[in-house]
Amino acid sequence: MLAALPAILKCAAAAAITALAATALAAPFGPDRVMDAAAARAMLARFGYGATPASLDAAMKQTPRQYLDRAIRDGTRLPPPVAEQIAALPIAQPVEGVWSRLGPGGSARAARDDQEARKALQKEEREFASAAVQARLLAMANADNQGHEALLSFWLNHFSIFAPKGLAKLVAWDYVRAVEQAMRADSFEALLRASFYHPAMQIYLDNNQSTAGNSMIARQAAERGKQLGINENLARELLELHTLGVDGGYTQKDVQELARIITGAGVYAPRMEEKNLARAGATRAGLFLFDPRRHDFGDKTLLGSRFPAGQGMAEVDAALHLLATHPATARHLAFKLAQRFLDDEPPREIVDAMASALRASGGKISATLAPLIDSPAFAAALARPAKFKEPVDYVLSVARAACGDQPVGNRVVLAANVLDMGQAPLMRSTPDGYGAREADWLSPAAMAKRVRLAIGVAGERVPLARGDDERIPPARRMIALAENERPALSRGTPCKINMDWLESVVEPLSPATRAAVARLPAREAAALLASPEFMRH
Amino acid sequence: MMTSRRRFLVSGAAAFALPVLDAFALDGASAAAGRLVVVFLRGGLDGLFALTPVADPRLAERRPSLAQSVLAQGIRLGDTGFSAHPSCKPFADLFAERELSFAPCAGTTDASRSHFQAQDLFELGSGASHGNAGFMARAAQAIGAGRGAISFTREVPLAFHGGDIALEVAPLAGSGLKLPEARVLDAIRSAHRDSPTGRALEQAIATEAEIGTSMAAAGMEPQAARGAPAATGFARVAGGMGRMLRGNPRLALAFVDLGGLDTHANEEAALARALNEIAQGLLAFKESLGEAQWRRTRVLMMSEFGRTVRENGTRGTDHGHGGLFLLAGGGGRGGRMIGGFDGLADRALNDNRDLPVLADWRALIGACMRDTCGLGESALDRIFPGRPRQRFEV
């Protein structure tokens, strides 16, 4: 119990401990109680990447429920230098312009026979992917609305894409923004639709190429001796990962039927002629394109529901609605949210309550999280943080603890570290997203890397505030940089560590950590950042 | 000694120059004491693309674009009716030298066609797709003290979860272990004592020390790599694996995984590149391990499932069932097809779309464990509860 009461640790007298313990017990964590410093720090670490002085002040004016409502509905503000940095990256250009220049058949692709020009184009494309990863990390590390970033990361991981795949590179950052906008609607179906109707997802899971064998385009291709057909990739992952879950009761036949339903969904290409698209009755929404010439207009049955022939785009919408509101989807989402934000093995009754709340509210995320924050298990989890931080949580919390209110401006260092630890945002190559359990991340190498990072940051040798070289190395080069510890990564401005602040962030310390700190005079920060307490949240 | 310890991991070379030793001789172990290396190919390898039944008359119709290059330039695998894709030439060479066998219809009992469920099922080895204990952890227990298991992965794979004994994890990609100086490290260790994080940290320290001595025992010189073109990707990892195992006779079981095989669209170029990298990796492993140990080593490569027999509409393949299993190693016992192949006719297919599973993964891995580690039937029953009574000559 002592470890759960942060304020007491500096008190030596037993009497004082008893008195404080009594106060703390009289004022426990409550979902509708304005948070004290300890609760706010814990909340910022669980639904966020850790406290900074300013974010702590703001959280201490809120209840946990208000904190999460703001997390879902409000946007995020970044310190001006960080916002300016993102605004200067290629991803800040309007996506339509980028696509019309670099998309398939875009204006910049005219000189494709020129070897040099092609290389330059490929380099430019790669920069879009790296910049998206780096911009995402800057936002996570510096946002005032930390809950917003943590929940957005959850949904981006649920609807995971691999940014470097094909031309998804160019639209990966727009995908982040589309998912973020949908999150603010507080509706799972909005999130599902935002993800499905985005070119990044269509490209990542190959649906833009899927073509019904009996469609007009397939028949025309067949006349030229070219066979086109269906690809099941997106349909399967929609069922298995995005909605019902692998145990959700669908069959291989459902996968195939869904794959037929979503034929025609794909991506607009600048080489397509507007005139032809209009004549074909294609529907455009941003860069998403529904092309009836690739669609299977036959009748289908998905999860026992009949989809009569001839519906076209309308049945895609109907199928997404069916998936979003399926009972198995509610269970799957409730489990994943509880596993990420409560415990690796969340109690059954909490998951059930969350699933019921999700269904009863028509898919509201705020309502789904209510049984979680109302549960005694959540109060206990915040009082005694035991969940092993995922690599991204650890790297960003180290940066925020070390920098306090100084902006964490070195996006390359952040990206190199999370890549090396295996969890860069938008870089999971498989569509299942990153795992959330201790068993997914705790390993000898993970510990070695964490200890190394903690010692480097503590010694003010890691330039978290600003790097000298602000060019955007592609992902592969970032890994190489991290592997070889090239000087390029270590040049720049570190954050000045405020020891009082750092200690308050890590508190309460176990006696073993306190002893370790005492053994390292002048290097206490290393012992704090590498402590067992700070590896959990 | 910090810098030299770093060198082991960064360049895969040691700072000490000792004579090359035959580690098995050093160990004094009997000739039966071999080693099994499991290479898990995640993502669902299209085995029919790698090694293709070119003699089957239905092939060209099943795979109009994907069978073209193997039909034109494939390398025949004896009289099996199969040919290797040009990107898999090293496999064909090893087959001709009787150092590689293959089972075209191997796999798990998974029916979900989910990557993640099928991979879990594979790694658990218990026949269930949920659980906490993997087959490598149980096998490490069965082979007993004095011999060990190592995973060359970044994280602890599910196959290694749940054992009572310490298993090693030595990542050969990424920045490796590279621990700090003793005083700081000792203070941090003490804070983590007796906790899961502490156990992982202790393992990192032990493995780092072991890598150091094994590299030294294998006689690696830091200059050895100078001037040589740096192997990329898997070839680099596999070369490092070979060096580490060569110097470390204790390690009887090894595991490594590889991704990037989920080829739903435009498979030809991507998979040819990936397969060539895997094949080059096998050669790099063989070379760094040395002839004496290669003879007593079995490398088993397989994937969570195979892919559809028919190519899909986007010049790729979707998730299937039975898949390719490759078994390599010295000693001249290869050059065979294992477990049979029933052809590509509709009636021979699983659900009229995939290859069937004619060779159960537990039976195949178990046969390799019997052969290399001398494990008996009852030990294999503990490692793979409920395994079928299939016997394979490996």
# chains A, B, ... in the order shown; residues from 1 in each chain; ligands from 1
>>> residues_around(residues="region 381-385 of chain B", least_positions_apart="2", cutoff="10 Å", atoms="only C-alpha atoms", output="number ranges by chain")
B: 124-128, 133-142, 361-363, 365-366, 376-379, 387-388
>>> residues_around(residues="region 191-195 of chain B", least_positions_apart="6", cutoff="8 Å", atoms="only C-alpha atoms", output="PyMOL selection string")
chain A and resi 512-513+515-516+531-532
>>> closest_residue(among="B:Arg310, B:Arg76, B:Arg58, B:Lys89", to="chain A", atoms="only C-alpha atoms")
B:Arg310
>>> closest_atom_pairs(of="chain A", to="chain B", cutoff="6 Å", atoms="only C-alpha atoms", output="Markdown table")
| residue | atom | partner | partner_atom | distance |
| --- | --- | --- | --- | --- |
| A:Leu228 | CA | B:Gly313 | CA | 4.3 |
| A:Gly229 | CA | B:Gly313 | CA | 3.1 |
| A:Ile230 | CA | B:Gly313 | CA | 4.7 |
| A:Asn231 | CA | B:Asn312 | CA | 5.8 |
| A:Asp420 | CA | B:Gly174 | CA | 5.7 |
| A:Ser443 | CA | B:Glu155 | CA | 5.4 |
| A:Pro444 | CA | B:Ala200 | CA | 4.4 |
| A:Ala445 | CA | B:Leu177 | CA | 5.5 |
| A:Met447 | CA | B:Leu201 | CA | 5.6 |
| A:Ala448 | CA | B:Leu177 | CA | 5.3 |
| A:Glu483 | CA | B:Ser175 | CA | 4.1 |
| A:Ala512 | CA | B:Ala191 | CA | 4.8 |
| A:Thr513 | CA | B:Ala191 | CA | 4.8 |
| A:Ala516 | CA | B:Ala187 | CA | 4.9 |
| A:Ala527 | CA | B:Ile188 | CA | 5.9 |
| A:Pro532 | CA | B:His192 | CA | 5.8 |
>>> select_by_dssp(residues="region 103-327 of chain A", states="strand (DSSP E)", output="PyMOL selection string")
chain A and resi 265-267+283-285+288-290+300-302+305-307
>>> write_last_selection(atoms="N, CA and C atoms", output="PDB file, in the first residue's frame")
ATOM      1  N   ALA A 265     -14.011  -0.665 -54.863  1.00  0.00           N
ATOM      2  CA  ALA A 265     -13.444   0.321 -53.944  1.00  0.00           C
ATOM      3  C   ALA A 265     -11.956   0.420 -54.243  1.00  0.00           C
ATOM      4  N   GLY A 266     -11.456   1.616 -54.345  1.00  0.00           N
ATOM      5  CA  GLY A 266     -10.051   1.782 -54.689  1.00  0.00           C
ATOM      6  C   GLY A 266      -9.625   3.235 -54.649  1.00  0.00           C
ATOM      7  N   VAL A 267      -8.693   3.567 -55.481  1.00  0.00           N
ATOM      8  CA  VAL A 267      -8.051   4.865 -55.389  1.00  0.00           C
ATOM      9  C   VAL A 267      -8.094   5.582 -56.734  1.00  0.00           C
ATOM     10  N   THR A 283     -17.761   6.974 -58.305  1.00  0.00           N
ATOM     11  CA  THR A 283     -17.977   7.919 -57.206  1.00  0.00           C
ATOM     12  C   THR A 283     -16.631   8.284 -56.597  1.00  0.00           C
ATOM     13  N   ARG A 284     -16.370   9.569 -56.481  1.00  0.00           N
ATOM     14  CA  ARG A 284     -15.110   9.996 -55.863  1.00  0.00           C
ATOM     15  C   ARG A 284     -15.379  10.676 -54.551  1.00  0.00           C
ATOM     16  N   ALA A 285     -14.582  10.377 -53.543  1.00  0.00           N
ATOM     17  CA  ALA A 285     -14.630  11.123 -52.284  1.00  0.00           C
ATOM     18  C   ALA A 285     -13.175  11.355 -51.908  1.00  0.00           C
ATOM     19  N   PHE A 288     -10.389   8.684 -52.677  1.00  0.00           N
ATOM     20  CA  PHE A 288     -11.056   7.387 -52.756  1.00  0.00           C
ATOM     21  C   PHE A 288     -11.914   7.357 -54.018  1.00  0.00           C
ATOM     22  N   LEU A 289     -11.928   6.183 -54.637  1.00  0.00           N
ATOM     23  CA  LEU A 289     -12.737   6.046 -55.849  1.00  0.00           C
ATOM     24  C   LEU A 289     -13.508   4.740 -55.794  1.00  0.00           C
ATOM     25  N   PHE A 290     -14.821   4.829 -56.044  1.00  0.00           N
ATOM     26  CA  PHE A 290     -15.570   3.597 -56.275  1.00  0.00           C
ATOM     27  C   PHE A 290     -15.832   3.499 -57.771  1.00  0.00           C
ATOM     28  N   LYS A 300     -25.129 -11.450 -52.964  1.00  0.00           N
ATOM     29  CA  LYS A 300     -24.163 -12.008 -52.017  1.00  0.00           C
ATOM     30  C   LYS A 300     -24.827 -12.197 -50.664  1.00  0.00           C
ATOM     31  N   THR A 301     -24.209 -13.040 -49.846  1.00  0.00           N
ATOM     32  CA  THR A 301     -24.683 -13.201 -48.474  1.00  0.00           C
ATOM     33  C   THR A 301     -23.497 -13.052 -47.537  1.00  0.00           C
ATOM     34  N   LEU A 302     -23.581 -12.068 -46.651  1.00  0.00           N
ATOM     35  CA  LEU A 302     -22.490 -11.822 -45.705  1.00  0.00           C
ATOM     36  C   LEU A 302     -23.023 -11.990 -44.289  1.00  0.00           C
ATOM     37  N   SER A 305     -26.650 -12.099 -43.804  1.00  0.00           N
ATOM     38  CA  SER A 305     -27.481 -11.036 -44.385  1.00  0.00           C
ATOM     39  C   SER A 305     -27.362 -11.074 -45.901  1.00  0.00           C
ATOM     40  N   ARG A 306     -28.497 -10.953 -46.560  1.00  0.00           N
ATOM     41  CA  ARG A 306     -28.474 -11.015 -48.007  1.00  0.00           C
ATOM     42  C   ARG A 306     -28.226  -9.635 -48.598  1.00  0.00           C
ATOM     43  N   PHE A 307     -27.362  -9.582 -49.572  1.00  0.00           N
ATOM     44  CA  PHE A 307     -27.085  -8.342 -50.293  1.00  0.00           C
ATOM     45  C   PHE A 307     -27.581  -8.546 -51.720  1.00  0.00           C
TER      46      PHE A 307
END
>>> closest_residue(among="A:Leu358, A:Leu426, A:Val98, A:Ile203", to="Thr325 (chain A)", atoms="only C-alpha atoms")
A:Leu358
>>> residues_around(residues="Val309 (chain B)", least_positions_apart="2", cutoff="8 Å", atoms="only C-alpha atoms", output="mmCIF file with C-alpha atoms, in the first residue's frame")
data_model
loop_
_atom_site.group_PDB
_atom_site.id
_atom_site.type_symbol
_atom_site.label_atom_id
_atom_site.label_comp_id
_atom_site.auth_asym_id
_atom_site.auth_seq_id
_atom_site.Cartn_x
_atom_site.Cartn_y
_atom_site.Cartn_z
ATOM 1 C CA LEU B 48 4.345 -23.421 -54.976
ATOM 2 C CA ARG B 62 -3.778 -22.489 -62.180
ATOM 3 C CA ARG B 63 -1.045 -19.893 -62.253
ATOM 4 C CA ARG B 307 -1.196 -19.916 -50.200
ATOM 5 C CA GLU B 311 -3.250 -17.097 -58.403
ATOM 6 C CA THR B 317 -2.020 -15.406 -53.926
ATOM 7 C CA GLY B 320 -4.161 -21.060 -48.086
ATOM 8 C CA LEU B 344 -3.158 -29.865 -58.461
ATOM 9 C CA ARG B 353 -8.450 -23.824 -53.179
ATOM 10 C CA ASP B 354 -5.351 -24.817 -51.189
ATOM 11 C CA LEU B 355 -2.836 -27.618 -50.918
#
>>> select_by_dssp(residues="region 103-319 of chain B", states="alpha helix (DSSP H)", output="MDAnalysis selection string")
chainID B and resid 115:124 135:143 182:192 196:217 233:246 267:289 291:295
>>> residues_around(residues="region 36-53 of chain A", least_positions_apart="3", cutoff="6 Å", atoms="only C-alpha atoms", output="PDB file with N, CA, C and O atoms, in the first residue's frame")
ATOM      1  N   LEU A  56       0.451  18.655 -16.558  1.00  0.00           N
ATOM      2  CA  LEU A  56       0.013  18.267 -15.212  1.00  0.00           C
ATOM      3  C   LEU A  56      -0.931  19.318 -14.627  1.00  0.00           C
ATOM      4  O   LEU A  56      -1.986  18.985 -14.088  1.00  0.00           O
ATOM      5  N   ALA A  59      -4.294  18.928 -16.307  1.00  0.00           N
ATOM      6  CA  ALA A  59      -5.019  17.717 -15.912  1.00  0.00           C
ATOM      7  C   ALA A  59      -5.559  17.843 -14.486  1.00  0.00           C
ATOM      8  O   ALA A  59      -6.594  17.266 -14.157  1.00  0.00           O
ATOM      9  N   MET A  60      -4.861  18.598 -13.644  1.00  0.00           N
ATOM     10  CA  MET A  60      -5.301  18.721 -12.258  1.00  0.00           C
ATOM     11  C   MET A  60      -6.538  19.612 -12.107  1.00  0.00           C
ATOM     12  O   MET A  60      -7.042  19.804 -11.006  1.00  0.00           O
ATOM     13  N   GLN A 146      -2.730  15.072 -24.343  1.00  0.00           N
ATOM     14  CA  GLN A 146      -2.042  13.780 -24.383  1.00  0.00           C
ATOM     15  C   GLN A 146      -3.000  12.609 -24.556  1.00  0.00           C
ATOM     16  O   GLN A 146      -2.695  11.624 -25.222  1.00  0.00           O
ATOM     17  N   GLY A 147      -4.171  12.726 -23.946  1.00  0.00           N
ATOM     18  CA  GLY A 147      -5.154  11.656 -24.075  1.00  0.00           C
ATOM     19  C   GLY A 147      -5.564  11.468 -25.531  1.00  0.00           C
ATOM     20  O   GLY A 147      -5.773  10.354 -26.007  1.00  0.00           O
ATOM     21  N   ALA A 150      -2.853   9.519 -27.318  1.00  0.00           N
ATOM     22  CA  ALA A 150      -2.818   8.105 -26.929  1.00  0.00           C
ATOM     23  C   ALA A 150      -3.970   7.338 -27.579  1.00  0.00           C
ATOM     24  O   ALA A 150      -3.795   6.223 -28.079  1.00  0.00           O
ATOM     25  N   LEU A 382      -4.072   2.743 -11.616  1.00  0.00           N
ATOM     26  CA  LEU A 382      -3.414   4.054 -11.602  1.00  0.00           C
ATOM     27  C   LEU A 382      -2.645   4.262 -10.307  1.00  0.00           C
ATOM     28  O   LEU A 382      -1.600   4.913 -10.277  1.00  0.00           O
ATOM     29  N   ASP A 393       5.852   4.169 -25.746  1.00  0.00           N
ATOM     30  CA  ASP A 393       5.518   4.786 -24.461  1.00  0.00           C
ATOM     31  C   ASP A 393       6.790   5.102 -23.692  1.00  0.00           C
ATOM     32  O   ASP A 393       6.924   6.162 -23.083  1.00  0.00           O
ATOM     33  N   LEU A 396       8.986   8.007 -25.460  1.00  0.00           N
ATOM     34  CA  LEU A 396       8.381   9.333 -25.333  1.00  0.00           C
ATOM     35  C   LEU A 396       8.302   9.771 -23.881  1.00  0.00           C
ATOM     36  O   LEU A 396       8.464  10.952 -23.575  1.00  0.00           O
ATOM     37  N   SER A 397       8.072   8.834 -22.974  1.00  0.00           N
ATOM     38  CA  SER A 397       7.993   9.251 -21.574  1.00  0.00           C
ATOM     39  C   SER A 397       9.362   9.643 -21.049  1.00  0.00           C
ATOM     40  O   SER A 397       9.478  10.557 -20.231  1.00  0.00           O
ATOM     41  N   GLY A 404      10.608  18.122 -19.748  1.00  0.00           N
ATOM     42  CA  GLY A 404       9.633  18.954 -19.046  1.00  0.00           C
ATOM     43  C   GLY A 404       8.863  19.814 -20.028  1.00  0.00           C
ATOM     44  O   GLY A 404       8.313  19.289 -20.998  1.00  0.00           O
ATOM     45  N   ASP A 405       8.862  21.116 -19.820  1.00  0.00           N
ATOM     46  CA  ASP A 405       8.119  21.983 -20.736  1.00  0.00           C
ATOM     47  C   ASP A 405       8.947  22.435 -21.943  1.00  0.00           C
ATOM     48  O   ASP A 405       8.458  23.187 -22.780  1.00  0.00           O
ATOM     49  N   HIS A 537       3.527   1.807 -16.485  1.00  0.00           N
ATOM     50  CA  HIS A 537       2.633   2.969 -16.387  1.00  0.00           C
ATOM     51  C   HIS A 537       1.217   2.509 -16.086  1.00  0.00           C
ATOM     52  O   HIS A 537       0.925   1.330 -16.069  1.00  0.00           O
TER      53      HIS A 537
END
>>> residues_around(residues="Ala67 (chain B)", least_positions_apart="6", cutoff="10 Å", atoms="only C-alpha atoms", output="ChimeraX atom specification")
/B:48-49,52-54,59-61,74,85,268,311
>>> residues_around(residues="Val299 (chain B)", least_positions_apart="2", cutoff="12 Å", atoms="only C-alpha atoms", output="PyMOL selection string")
chain B and resi 34-40+99-102+238+241-242+252-256+279+281-283+285-286+289+293-297+301-302+325-330+334+364-365+368-369+372+394
>>> residues_around(residues="Glu304 (chain B)", least_positions_apart="3", cutoff="7 Å", atoms="only C-alpha atoms", output="number ranges by chain")
B: 42, 44, 107, 115, 118-119, 122
>>> atom_distance(atom1="CA of Met216 (chain A)", atom2="CA of Arg279 (chain A)")
13.1 Å
